[in-house]
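Data file: target36.cif. Format and content: mmCIF, C-alpha atoms.
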data_protein
#
loop_
_atom_site.group_PDB
_atom_site.id
_atom_site.type_symbol
_atom_site.label_atom_id
_atom_site.label_comp_id
_atom_site.auth_asym_id
_atom_site.auth_seq_id
_atom_site.Cartn_x
_atom_site.Cartn_y
_atom_site.Cartn_z
ATOM 1 C CA MET A 150 -23.456 2.448 -5.008
ATOM 2 C CA THR A 151 -19.782 2.692 -6.069
ATOM 3 C CA ARG A 152 -17.861 -0.493 -5.369
ATOM 4 C CA HIS A 153 -14.758 0.144 -7.447
ATOM 5 C CA LEU A 154 -12.602 2.901 -8.864
ATOM 6 C CA VAL A 155 -9.890 3.071 -11.542
ATOM 7 C CA ARG A 156 -7.626 6.087 -11.991
ATOM 8 C CA LEU A 157 -5.191 6.027 -14.899
ATOM 9 C CA ALA A 158 -1.926 7.849 -14.293
ATOM 10 C CA ALA A 159 -2.352 9.959 -17.435
ATOM 11 C CA ASP A 160 -5.725 11.251 -16.221
ATOM 12 C CA VAL A 161 -4.707 12.321 -12.701
ATOM 13 C CA PRO A 162 -3.602 15.976 -12.571
ATOM 14 C CA GLU A 163 -0.615 16.907 -10.449
ATOM 15 C CA PRO A 164 -1.547 19.367 -7.689
ATOM 16 C CA PRO A 165 0.780 22.279 -6.999
ATOM 17 C CA TYR A 166 3.265 22.128 -4.144
ATOM 18 C CA ASP A 167 2.102 23.869 -0.995
ATOM 19 C CA GLU A 168 4.054 26.710 0.610
ATOM 20 C CA LEU A 169 6.231 24.174 2.462
ATOM 21 C CA GLY A 170 7.270 22.252 -0.667
ATOM 22 C CA HIS A 171 4.976 19.235 -0.282
ATOM 23 C CA ARG A 172 2.081 17.920 -2.326
ATOM 24 C CA ARG A 173 -0.211 14.910 -2.229
ATOM 25 C CA ARG A 174 -2.373 13.466 -4.979
ATOM 26 C CA GLU A 175 -5.415 11.818 -3.441
ATOM 27 C CA LEU A 176 -6.203 8.704 -5.464
ATOM 28 C CA VAL A 177 -8.743 7.062 -3.158
ATOM 29 C CA GLY A 178 -10.701 8.917 -0.522
ATOM 30 C CA GLU A 179 -13.981 9.639 1.197
ATOM 31 C CA GLY A 180 -15.433 11.245 -1.928
ATOM 32 C CA ASP A 181 -15.001 7.971 -3.833
ATOM 33 C CA GLY A 182 -17.208 6.042 -1.441
ATOM 34 C CA SER A 183 -14.342 4.575 0.559
ATOM 35 C CA VAL A 184 -14.889 4.031 4.272
ATOM 36 C CA HIS A 185 -11.701 2.266 5.316
ATOM 37 C CA THR A 186 -9.088 3.441 2.799
ATOM 38 C CA GLY A 187 -7.333 6.671 1.986
ATOM 39 C CA PHE A 188 -4.587 6.268 -0.616
ATOM 40 C CA GLY A 189 -2.334 8.829 -2.265
ATOM 41 C CA LEU A 190 1.029 9.726 -3.763
ATOM 42 C CA CYS A 191 3.144 12.240 -1.867
ATOM 43 C CA GLU A 192 6.111 14.293 -3.073
ATOM 44 C CA ILE A 193 8.454 16.569 -1.193
ATOM 45 C CA ARG A 194 11.146 18.881 -2.514
ATOM 46 C CA PRO A 195 14.709 18.621 -1.155
ATOM 47 C CA GLU A 196 14.084 21.658 1.032
ATOM 48 C CA GLY A 197 10.423 20.845 1.684
ATOM 49 C CA ARG A 198 8.769 19.817 4.916
ATOM 50 C CA VAL A 199 5.491 18.778 6.504
ATOM 51 C CA GLY A 200 4.952 20.200 9.998
ATOM 52 C CA ALA A 201 4.518 17.951 13.023
ATOM 53 C CA HIS A 202 1.025 16.478 13.343
ATOM 54 C CA VAL A 203 -0.983 13.483 14.526
ATOM 55 C CA HIS A 204 -3.776 11.490 12.877
ATOM 56 C CA SER A 205 -6.741 9.615 14.296
ATOM 57 C CA TYR A 206 -5.972 6.871 11.759
ATOM 58 C CA GLU A 207 -2.935 4.727 11.061
ATOM 59 C CA GLU A 208 -0.664 5.527 8.143
ATOM 60 C CA SER A 209 1.455 3.078 6.155
ATOM 61 C CA PHE A 210 3.946 4.268 3.561
ATOM 62 C CA HIS A 211 6.301 2.942 0.884
ATOM 63 C CA VAL A 212 9.069 5.115 -0.610
ATOM 64 C CA LEU A 213 8.901 4.899 -4.409
ATOM 65 C CA ASP A 214 11.984 6.959 -5.282
ATOM 66 C CA GLY A 215 14.368 9.524 -3.862
ATOM 67 C CA ALA A 216 14.822 10.022 -0.120
ATOM 68 C CA VAL A 217 12.892 11.620 2.739
ATOM 69 C CA ILE A 218 13.480 12.191 6.438
ATOM 70 C CA LEU A 219 10.847 11.130 8.945
ATOM 71 C CA ASP A 220 10.937 12.712 12.404
ATOM 72 C CA VAL A 221 9.175 10.857 15.246
ATOM 73 C CA PRO A 222 9.553 11.153 19.037
ATOM 74 C CA GLU A 223 12.135 8.329 19.041
ATOM 75 C CA GLY A 224 14.419 10.041 16.523
ATOM 76 C CA SER A 225 14.926 10.959 12.876
ATOM 77 C CA TYR A 226 15.210 8.412 10.073
ATOM 78 C CA ARG A 227 16.408 8.712 6.499
ATOM 79 C CA LEU A 228 14.099 6.678 4.271
ATOM 80 C CA GLU A 229 15.172 5.719 0.769
ATOM 81 C CA GLU A 230 13.654 3.940 -2.227
ATOM 82 C CA GLY A 231 12.210 0.592 -1.154
ATOM 83 C CA ASP A 232 11.782 1.500 2.514
ATOM 84 C CA TYR A 233 8.350 1.168 4.083
ATOM 85 C CA GLY A 234 6.850 1.593 7.503
ATOM 86 C CA LEU A 235 3.939 2.247 9.800
ATOM 87 C CA LEU A 236 2.857 5.319 11.760
ATOM 88 C CA PRO A 237 0.327 4.158 14.376
ATOM 89 C CA THR A 238 -2.675 6.256 15.316
ATOM 90 C CA GLY A 239 -1.775 9.251 17.444
ATOM 91 C CA VAL A 240 2.008 9.185 16.879
ATOM 92 C CA PRO A 241 3.469 12.693 16.323
ATOM 93 C CA HIS A 242 5.553 12.879 13.151
ATOM 94 C CA SER A 243 6.832 15.218 10.483
ATOM 95 C CA TRP A 244 8.510 14.868 7.078
ATOM 96 C CA ARG A 245 11.517 16.576 5.516
ATOM 97 C CA GLY A 246 13.117 16.461 2.097
ATOM 98 C CA ALA A 247 16.527 14.853 1.691
ATOM 99 C CA GLY A 248 19.163 14.484 -0.978
ATOM 100 C CA ASP A 249 19.302 16.410 -4.224
ATOM 101 C CA THR A 250 15.922 15.360 -5.580
ATOM 102 C CA GLY A 251 13.588 15.044 -2.614
ATOM 103 C CA GLY A 252 11.385 11.994 -2.444
ATOM 104 C CA ARG A 253 8.114 10.398 -3.483
ATOM 105 C CA TRP A 254 6.080 7.878 -1.515
ATOM 106 C CA ALA A 255 2.704 6.138 -1.477
ATOM 107 C CA ASP A 256 0.623 6.415 1.676
ATOM 108 C CA MET A 257 -2.269 4.320 2.898
ATOM 109 C CA LEU A 258 -4.577 5.755 5.574
ATOM 110 C CA ALA A 259 -6.998 3.596 7.557
ATOM 111 C CA PRO A 260 -9.771 4.368 8.233
ATOM 112 C CA VAL A 261 -10.423 7.033 5.613
ATOM 113 C CA PRO A 262 -9.820 10.661 6.740
ATOM 114 C CA ARG A 263 -13.066 12.622 7.030
ATOM 115 C CA ALA A 264 -13.317 16.127 5.618
ATOM 116 C CA ARG A 265 -15.996 17.155 8.117
ATOM 117 C CA TYR A 266 -13.554 16.506 10.985
ATOM 118 C CA GLY A 267 -10.584 18.363 9.536
ATOM 119 C CA TYR A 268 -9.374 15.215 7.783
ATOM 120 C CA ASP A 269 -8.767 13.745 11.238
ATOM 121 C CA THR A 270 -5.419 15.533 11.526
ATOM 122 C CA GLN A 271 -4.188 17.850 14.263
ATOM 123 C CA ALA A 272 -1.013 19.982 14.319
ATOM 124 C CA VAL A 273 1.263 19.485 17.340
ATOM 125 C CA PRO A 274 4.476 21.167 18.581
ATOM 126 C CA GLU A 275 7.462 20.622 16.328
ATOM 127 C CA LEU A 276 9.665 17.622 17.014
ATOM 128 C CA PRO A 277 13.426 17.795 17.625
ATOM 129 C CA ARG A 278 15.383 17.422 14.383
ATOM 130 C CA GLY A 279 17.999 14.814 15.103
ATOM 131 C CA GLU A 280 20.730 13.651 12.768
ATOM 132 C CA PRO A 281 18.843 11.190 10.524
ATOM 133 C CA VAL A 282 19.941 7.557 10.613
ATOM 134 C CA ARG A 283 19.134 4.663 8.320
ATOM 135 C CA ILE A 284 16.617 2.099 9.488
ATOM 136 C CA ASP A 285 17.686 -1.313 10.734
ATOM 137 C CA VAL A 286 14.767 -3.749 10.600
ATOM 138 C CA ARG A 287 16.645 -6.252 12.780
ATOM 139 C CA ASP A 288 16.893 -3.681 15.573
ATOM 140 C CA PRO A 289 13.825 -4.049 17.856
ATOM 141 C CA ARG A 290 13.765 -0.255 18.262
ATOM 142 C CA THR A 291 12.961 0.218 14.559
ATOM 143 C CA ARG A 292 10.603 -2.682 13.997
ATOM 144 C CA SER A 293 8.012 -0.335 12.517
ATOM 145 C CA PHE A 294 10.092 -0.163 9.327
ATOM 146 C CA GLY A 295 11.170 -2.506 6.575
ATOM 147 C CA HIS A 296 12.844 -2.558 3.187
ATOM 148 C CA PHE A 297 11.740 -4.084 -0.098
ATOM 149 C CA GLU A 298 13.902 -5.141 -3.052
ATOM 150 C CA PRO A 299 12.407 -6.482 -6.324
ATOM 151 C CA ALA A 300 14.670 -9.536 -5.996
ATOM 152 C CA GLN A 301 12.555 -10.569 -3.015
ATOM 153 C CA MET A 302 9.804 -11.530 -5.468
ATOM 154 C CA ASP A 303 11.963 -14.242 -7.087
ATOM 155 C CA PRO A 304 11.427 -17.578 -5.287
ATOM 156 C CA GLY A 305 14.718 -18.853 -6.716
ATOM 157 C CA LYS A 306 16.785 -16.090 -5.152
ATOM 158 C CA GLN A 307 15.625 -16.186 -1.545
ATOM 159 C CA SER A 308 18.505 -16.017 0.924
ATOM 160 C CA GLN A 309 19.196 -15.231 4.547
ATOM 161 C CA ASP A 310 20.457 -11.831 3.436
ATOM 162 C CA LEU A 311 17.131 -11.021 1.774
ATOM 163 C CA LEU A 312 15.141 -12.401 4.692
ATOM 164 C CA ALA A 313 17.205 -10.224 7.032
ATOM 165 C CA VAL A 314 15.643 -7.060 5.622
ATOM 166 C CA SER A 315 12.213 -8.278 6.743
ATOM 167 C CA ALA A 316 10.899 -7.728 10.236
ATOM 168 C CA SER A 317 9.900 -11.358 10.712
ATOM 169 C CA MET A 318 9.656 -14.724 8.981
ATOM 170 C CA ARG A 319 5.976 -14.013 8.353
ATOM 171 C CA THR A 320 7.160 -11.672 5.618
ATOM 172 C CA ALA A 321 8.732 -14.554 3.715
ATOM 173 C CA LEU A 322 7.441 -15.096 0.196
ATOM 174 C CA LEU A 323 4.054 -16.696 -0.463
ATOM 175 C CA VAL A 324 3.999 -18.405 -3.866
ATOM 176 C CA TYR A 325 1.034 -19.978 -5.662
ATOM 177 C CA SER A 326 -0.085 -20.500 -9.284
ATOM 178 C CA GLY A 327 2.229 -17.962 -10.871
ATOM 179 C CA ILE A 328 1.567 -15.369 -8.156
ATOM 180 C CA THR A 329 4.019 -14.262 -5.469
ATOM 181 C CA VAL A 330 3.140 -12.120 -2.447
ATOM 182 C CA LYS A 331 5.591 -10.337 -0.130
ATOM 183 C CA MET A 332 3.987 -8.992 3.061
ATOM 184 C CA MET A 333 5.292 -5.615 4.215
ATOM 185 C CA VAL A 334 3.044 -3.935 6.795
ATOM 186 C CA ASP A 335 0.840 -6.103 8.997
ATOM 187 C CA SER A 336 0.256 -6.872 12.673
ATOM 188 C CA ASP A 337 3.928 -7.843 13.090
ATOM 189 C CA LEU A 338 4.812 -4.204 12.472
ATOM 190 C CA GLY A 339 2.040 -3.052 14.799
ATOM 191 C CA ALA A 340 -0.712 -2.364 12.255
ATOM 192 C CA VAL A 341 -4.244 -2.937 13.501
ATOM 193 C CA ALA A 342 -6.404 -1.440 10.734
ATOM 194 C CA SER A 343 -4.649 -2.316 7.471
ATOM 195 C CA THR A 344 -2.019 -4.282 5.581
ATOM 196 C CA MET A 345 0.401 -3.359 2.789
ATOM 197 C CA PHE A 346 2.240 -5.845 0.587
ATOM 198 C CA MET A 347 3.804 -6.416 -2.833
ATOM 199 C CA VAL A 348 2.240 -8.699 -5.454
ATOM 200 C CA GLN A 349 3.819 -10.088 -8.622
ATOM 201 C CA TYR A 350 2.236 -12.155 -11.403
ATOM 202 C CA ASP A 351 4.301 -14.286 -13.773
ATOM 203 C CA PRO A 352 3.234 -14.186 -17.445
ATOM 204 C CA ASP A 353 0.787 -17.034 -16.745
ATOM 205 C CA GLY A 354 -0.420 -15.624 -13.428
ATOM 206 C CA ILE A 355 -4.208 -15.447 -13.026
ATOM 207 C CA ALA A 356 -6.481 -14.771 -10.051
ATOM 208 C CA GLY A 357 -10.053 -15.897 -10.639
ATOM 209 C CA SER A 358 -12.986 -13.665 -9.754
ATOM 210 C CA HIS A 359 -13.541 -13.200 -6.030
ATOM 211 C CA ASP A 360 -14.520 -10.616 -3.448
ATOM 212 C CA HIS A 361 -13.608 -9.696 0.135
ATOM 213 C CA PRO A 362 -15.249 -8.286 3.269
ATOM 214 C CA PHE A 363 -12.710 -5.422 3.147
ATOM 215 C CA GLU A 364 -11.386 -2.779 0.721
ATOM 216 C CA GLU A 365 -8.280 -3.138 -1.436
ATOM 217 C CA THR A 366 -6.131 -0.723 -3.459
ATOM 218 C CA TYR A 367 -3.603 -1.495 -6.192
ATOM 219 C CA LEU A 368 -0.798 0.763 -7.460
ATOM 220 C CA ILE A 369 0.750 -0.781 -10.582
ATOM 221 C CA LEU A 370 4.546 -0.460 -10.558
ATOM 222 C CA GLU A 371 5.699 -2.691 -13.409
ATOM 223 C CA GLY A 372 4.147 -4.503 -16.398
ATOM 224 C CA LEU A 373 0.570 -4.726 -17.638
ATOM 225 C CA VAL A 374 -2.445 -6.351 -16.000
ATOM 226 C CA ASP A 375 -5.963 -7.058 -17.217
ATOM 227 C CA ALA A 376 -8.322 -6.367 -14.330
ATOM 228 C CA THR A 377 -12.061 -6.952 -13.992
ATOM 229 C CA PHE A 378 -14.160 -5.161 -11.381
ATOM 230 C CA ASP A 379 -17.850 -6.115 -11.189
ATOM 231 C CA GLY A 380 -17.838 -7.138 -14.842
ATOM 232 C CA GLU A 381 -16.000 -4.048 -16.169
ATOM 233 C CA ARG A 382 -12.622 -4.731 -17.803
ATOM 234 C CA TYR A 383 -9.544 -2.502 -17.616
ATOM 235 C CA ARG A 384 -5.950 -2.647 -18.875
ATOM 236 C CA LEU A 385 -3.693 -1.176 -16.179
ATOM 237 C CA GLY A 386 -0.036 -0.166 -16.416
ATOM 238 C CA PRO A 387 2.638 1.572 -14.331
ATOM 239 C CA GLY A 388 1.254 4.467 -12.301
ATOM 240 C CA ASP A 389 -2.384 3.387 -12.606
ATOM 241 C CA VAL A 390 -4.408 2.874 -9.434
ATOM 242 C CA ALA A 391 -7.524 0.815 -8.723
ATOM 243 C CA TRP A 392 -9.696 0.408 -5.645
ATOM 244 C CA ALA A 393 -12.121 -2.433 -4.905
ATOM 245 C CA GLY A 394 -14.673 -1.843 -2.168
ATOM 246 C CA ALA A 395 -16.070 -4.574 0.056
ATOM 247 C CA GLY A 396 -18.177 -6.914 -2.050
ATOM 248 C CA CYS A 397 -16.680 -5.880 -5.405
ATOM 249 C CA VAL A 398 -16.111 -9.015 -7.496
ATOM 250 C CA HIS A 399 -12.697 -8.700 -9.138
ATOM 251 C CA GLY A 400 -9.982 -10.733 -10.836
ATOM 252 C CA PHE A 401 -6.608 -10.252 -12.525
ATOM 253 C CA SER A 402 -4.398 -11.732 -15.234
ATOM 254 C CA ASN A 403 -0.979 -10.745 -16.514
ATOM 255 C CA ALA A 404 -1.418 -8.967 -19.850
ATOM 256 C CA GLY A 405 2.259 -8.819 -20.841
ATOM 257 C CA GLU A 406 5.192 -11.089 -21.547
ATOM 258 C CA GLY A 407 7.122 -10.173 -18.412
ATOM 259 C CA PRO A 408 6.111 -9.938 -14.753
ATOM 260 C CA VAL A 409 3.521 -7.479 -13.501
ATOM 261 C CA ARG A 410 4.072 -6.077 -10.019
ATOM 262 C CA TRP A 411 1.940 -3.836 -7.844
ATOM 263 C CA LEU A 412 1.680 -2.411 -4.330
ATOM 264 C CA GLU A 413 -1.513 -3.591 -2.635
ATOM 265 C CA THR A 414 -3.299 -2.563 0.544
ATOM 266 C CA GLN A 415 -6.221 -3.949 2.515
ATOM 267 C CA ALA A 416 -8.416 -2.284 5.135
ATOM 268 C CA PRO A 417 -9.631 -3.293 7.585
ATOM 269 C CA GLN A 418 -7.260 -6.194 8.187
ATOM 270 C CA PRO A 419 -8.562 -9.464 6.746
ATOM 271 C CA PRO A 420 -10.322 -11.848 9.135
ATOM 272 C CA PRO A 421 -8.533 -15.133 9.924
ATOM 273 C CA ARG A 422 -11.110 -17.085 7.864
ATOM 274 C CA HIS A 423 -13.295 -16.382 4.844
ATOM 275 C CA SER A 424 -11.150 -13.509 3.551
ATOM 276 C CA TYR A 425 -11.770 -14.714 -0.015
ATOM 277 C CA ARG A 426 -15.087 -15.632 -1.599
ATOM 278 C CA PHE A 427 -14.258 -17.204 -4.955
ATOM 279 C CA THR A 428 -16.991 -17.094 -7.588
ATOM 280 C CA ARG A 429 -16.027 -20.514 -8.938
ATOM 281 C CA ASP A 430 -16.731 -22.259 -5.636
ATOM 282 C CA TRP A 431 -20.291 -20.990 -5.437
ATOM 283 C CA ASP A 432 -20.884 -21.533 -9.147
ATOM 284 C CA TYR A 433 -19.834 -25.143 -8.615
ATOM 285 C CA LEU A 434 -22.285 -25.525 -5.741
ATOM 286 C CA ARG A 435 -25.095 -24.015 -7.821
ATOM 287 C CA GLU A 436 -24.416 -26.424 -10.688
ATOM 288 C CA ALA A 437 -24.212 -29.384 -8.308
ATOM 289 C CA LEU A 438 -27.572 -28.495 -6.778
ATOM 290 C CA ASP A 439 -29.161 -27.997 -10.194
ATOM 291 C CA SER A 440 -28.055 -31.445 -11.305
#

Let me see whether you can do it: turn the structure in this file into structure tokens.
Amino acid sequence: MTRHLVRLAADVPEPPYDELGHRRRELVGEGDGSVHTGFGLCEIRPEGRVGAHVHSYEESFHVLDGAVILDVPEGSYRLEEGDYGLLPTGVPHSWRGAGDTGGRWADMLAPVPRARYGYDTQAVPELPRGEPVRIDVRDPRTRSFGHFEPAQMDPGKQSQDLLAVSASMRTALLVYSGITVKMMVDSDLGAVASTMFMVQYDPDGIAGSHDHPFEETYLILEGLVDATFDGERYRLGPGDVAWAGAGCVHGFSNAGEGPVRWLETQAPQPPPRHSYRFTRDWDYLREALDS
């Protein structure tokens, strides 16, 4: 039974653009043994588009570079590098290219789309193309969006201005043992099946071996990380992707001299208790009983 997956950026072929100027590289999907997680990298040309459609799963996204236009029933939004958001189950939407270079984004789909049901996607009538506007995460009408800046990962540079680009105070920085976590998509943005957040390890950052009752994905954006999944060791760098299924014992340590940062997702959403099962705690109990 497959409980983890590693795909190095150099080994993942780029698919051709479709006739509408869009392409998606599937990095985690049903064929990998995933039940709760679909994960991929999408690209759209400046003149490209994706026709209006709905999914029977929720979709989270994070714009990696360039710009795209997202059309939804409420209006049209120009999304730029660092923007993220949530498309709830059943919401009609379409994508368009923008700018001179088009755009590239990561998407997380929960639960995993199923090939035998048409990938759980249905075309719908085209949406009106309004004049795209920028998102405003402090506006209650656009609370399904947010914006991330790398400076948000620095505990010493937190400010009201940086907090203002988050949808709520729950997205403030969580800092522990050389690790910082910045929540992006969660229940505050309306997600019910998944989360998406940014993680950064300082040079001395280490997460001991543990597992979860849910699936996780990791897209490395900066730096180098040594990762262990069920006893197998990997060195991961920018563009590499890993997936840990429920029950996979995994751990991480920064393998470079600078910070390592990655985009992480979880599906289904973690329970309020017992989200982590650390190996060291149960090893300690075993040793205490043996003595």

*asked:* Under the PyMOL selection byres ((chain A and resi 294) around 9), which residues of this model are included? Write them out as a ChimeraX atom specification.
replied: /A:232-235,284-286,291-293,295-296,315-316,333-334,338

Could those selected residues go to a file with C-alpha atoms, as a compact mmCIF listing (two decimals), in the coordinates of the input?
# COMPACT_ATOMS: atom_id res chain seq x y z
CA ASP A 232 11.78 1.50 2.51
CA TYR A 233 8.35 1.17 4.08
CA GLY A 234 6.85 1.59 7.50
CA LEU A 235 3.94 2.25 9.80
CA ILE A 284 16.62 2.10 9.49
CA ASP A 285 17.69 -1.31 10.73
CA VAL A 286 14.77 -3.75 10.60
CA THR A 291 12.96 0.22 14.56
CA ARG A 292 10.60 -2.68 14.00
CA SER A 293 8.01 -0.34 12.52
CA GLY A 295 11.17 -2.51 6.58
CA HIS A 296 12.84 -2.56 3.19
CA SER A 315 12.21 -8.28 6.74
CA ALA A 316 10.90 -7.73 10.24
CA MET A 333 5.29 -5.62 4.22
CA VAL A 334 3.04 -3.94 6.80
CA LEU A 338 4.81 -4.20 12.47

Of the candidates A:Val161, A:Leu219, A:Ala201, A:Met257, which one gets nearest to A:Glu280 if we count only C-alpha atoms?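 Selected residue with least distance to A:Glu280: A:Leu219.
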
| Output of the PyMOL selection byres ((chain A and resi 379) around 12), listed as a ChimeraX atom specification | /A:150-154,358-360,376-378,380-383,392-400,428

Name every residue that the PyMOL selection byres ((chain A and resi 355) around 7) selects in this structure, writing the answer as a compact mmCIF listing (two decimals) with C-alpha atoms, keeping the file's coordinate frame with chains first and numbers rising.
# COMPACT_ATOMS: atom_id res chain seq x y z
CA ASP A 353 0.79 -17.03 -16.74
CA GLY A 354 -0.42 -15.62 -13.43
CA ALA A 356 -6.48 -14.77 -10.05
CA GLY A 357 -10.05 -15.90 -10.64
CA PHE A 401 -6.61 -10.25 -12.52
CA SER A 402 -4.40 -11.73 -15.23
CA ASN A 403 -0.98 -10.74 -16.51

| query | Mind pulling up the distance from atom CA of A:Gly372 to atom CA of A:Arg156? | reply |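 Atom-to-atom, atom CA of A:Arg156 and atom CA of A:Gly372 are spaced 16.4 Å apart.
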
Practice item. For atom CA of A:Asp375 and atom CA of A:Ala255, determine how far apart the two atoms are, in Å to one decimal place. Key: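 Distance reported for this atom pair: 22.3 Å.
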
- Show me as a PyMOL selection string the residues that reach within 10 Å of (1.7, -7.3, -24.2), counting only C-alpha atoms and using the file's own coordinates. chain A and resi 352+372-374+403-407

message: Which residues are near A:Glu275? Cut-off 9 Å, all atoms listed in the file, ignore same chain within fewer than 6 positions. Put them as a list in words.
response: Gly200, Ala201, His202, Pro241, His242 and Ser243 of chain A

*Which value, in Å to one decimal, gives the distance between atom CA of A:Gln271 and atom CA of A:Leu412?*
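Computing the Euclidean distance for atom CA of A:Gln271 and atom CA of A:Leu412 yields 28.1 Å.
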
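With all atoms listed in the file as the atoms that count, the minimum distance from A:Pro420 to the choices A:Ser225, A:Gln301, A:Thr366, A:Ser343 is reached by A:Ser343.
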
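Counting all atoms listed in the file, the residue from A:Val273, A:Gly224, A:Gln415, A:Met332 that sits nearest to A:Arg290 is A:Gly224.
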
Worksheet item: Using only C-alpha atoms, which residue out of A:Tyr226, A:Gly252, A:Asp220, A:Leu438 lies closest to A:Arg173?
Response: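 Checking each candidate against A:Arg173, we get A:Gly252 as the closest.
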
Of A:Val330, A:Val203, A:Leu434, A:Leu169, the one sitting nearest A:Arg245 when using all atoms listed in the file is A:Leu169

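For the set A:Pro417, A:Gly215, A:Pro162, A:Gly248, the residue with the smallest atom-to-atom gap to A:Ser336 is A:Pro417, counting all atoms listed in the file.
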
With N, CA, C and O atoms as the goal, would you fill in the gaps in stretch 384-395 of chain A and present it as an mmCIF file, in the frame of the given file?
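Saved to result-v5.cif:
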data_model
loop_
_atom_site.group_PDB
_atom_site.id
_atom_site.type_symbol
_atom_site.label_atom_id
_atom_site.label_comp_id
_atom_site.auth_asym_id
_atom_site.auth_seq_id
_atom_site.Cartn_x
_atom_site.Cartn_y
_atom_site.Cartn_z
ATOM 1 N N ARG A 384 -7.372 -2.334 -18.686
ATOM 2 C CA ARG A 384 -5.950 -2.647 -18.875
ATOM 3 C C ARG A 384 -5.165 -1.604 -18.073
ATOM 4 O O ARG A 384 -5.247 -0.408 -18.344
ATOM 5 N N LEU A 385 -4.402 -2.066 -17.094
ATOM 6 C CA LEU A 385 -3.693 -1.176 -16.179
ATOM 7 C C LEU A 385 -2.192 -1.319 -16.369
ATOM 8 O O LEU A 385 -1.678 -2.431 -16.577
ATOM 9 N N GLY A 386 -1.488 -0.187 -16.283
ATOM 10 C CA GLY A 386 -0.036 -0.166 -16.416
ATOM 11 C C GLY A 386 0.601 0.666 -15.330
ATOM 12 O O GLY A 386 -0.079 1.157 -14.417
ATOM 13 N N PRO A 387 1.913 0.861 -15.389
ATOM 14 C CA PRO A 387 2.638 1.572 -14.331
ATOM 15 C C PRO A 387 2.039 2.945 -14.030
ATOM 16 O O PRO A 387 1.754 3.725 -14.937
ATOM 17 N N GLY A 388 1.825 3.202 -12.744
ATOM 18 C CA GLY A 388 1.254 4.467 -12.301
ATOM 19 C C GLY A 388 -0.248 4.458 -12.157
ATOM 20 O O GLY A 388 -0.809 5.366 -11.525
ATOM 21 N N ASP A 389 -0.932 3.474 -12.730
ATOM 22 C CA ASP A 389 -2.384 3.387 -12.606
ATOM 23 C C ASP A 389 -2.766 2.844 -11.228
ATOM 24 O O ASP A 389 -2.028 2.059 -10.619
ATOM 25 N N VAL A 390 -3.932 3.266 -10.757
ATOM 26 C CA VAL A 390 -4.408 2.874 -9.434
ATOM 27 C C VAL A 390 -5.843 2.367 -9.542
ATOM 28 O O VAL A 390 -6.645 2.915 -10.308
ATOM 29 N N ALA A 391 -6.152 1.322 -8.800
ATOM 30 C CA ALA A 391 -7.524 0.815 -8.723
ATOM 31 C C ALA A 391 -7.883 0.579 -7.262
ATOM 32 O O ALA A 391 -7.006 0.340 -6.415
ATOM 33 N N TRP A 392 -9.157 0.663 -6.983
ATOM 34 C CA TRP A 392 -9.696 0.408 -5.645
ATOM 35 C C TRP A 392 -10.914 -0.488 -5.772
ATOM 36 O O TRP A 392 -11.769 -0.266 -6.634
ATOM 37 N N ALA A 393 -10.967 -1.528 -4.952
ATOM 38 C CA ALA A 393 -12.121 -2.433 -4.905
ATOM 39 C C ALA A 393 -12.734 -2.345 -3.515
ATOM 40 O O ALA A 393 -12.060 -2.649 -2.519
ATOM 41 N N GLY A 394 -13.985 -1.908 -3.440
ATOM 42 C CA GLY A 394 -14.673 -1.843 -2.168
ATOM 43 C C GLY A 394 -15.130 -3.215 -1.710
ATOM 44 O O GLY A 394 -15.086 -4.199 -2.461
ATOM 45 N N ALA A 395 -15.570 -3.306 -0.470
ATOM 46 C CA ALA A 395 -16.070 -4.574 0.056
ATOM 47 C C ALA A 395 -17.218 -5.067 -0.816
ATOM 48 O O ALA A 395 -18.138 -4.318 -1.139
#
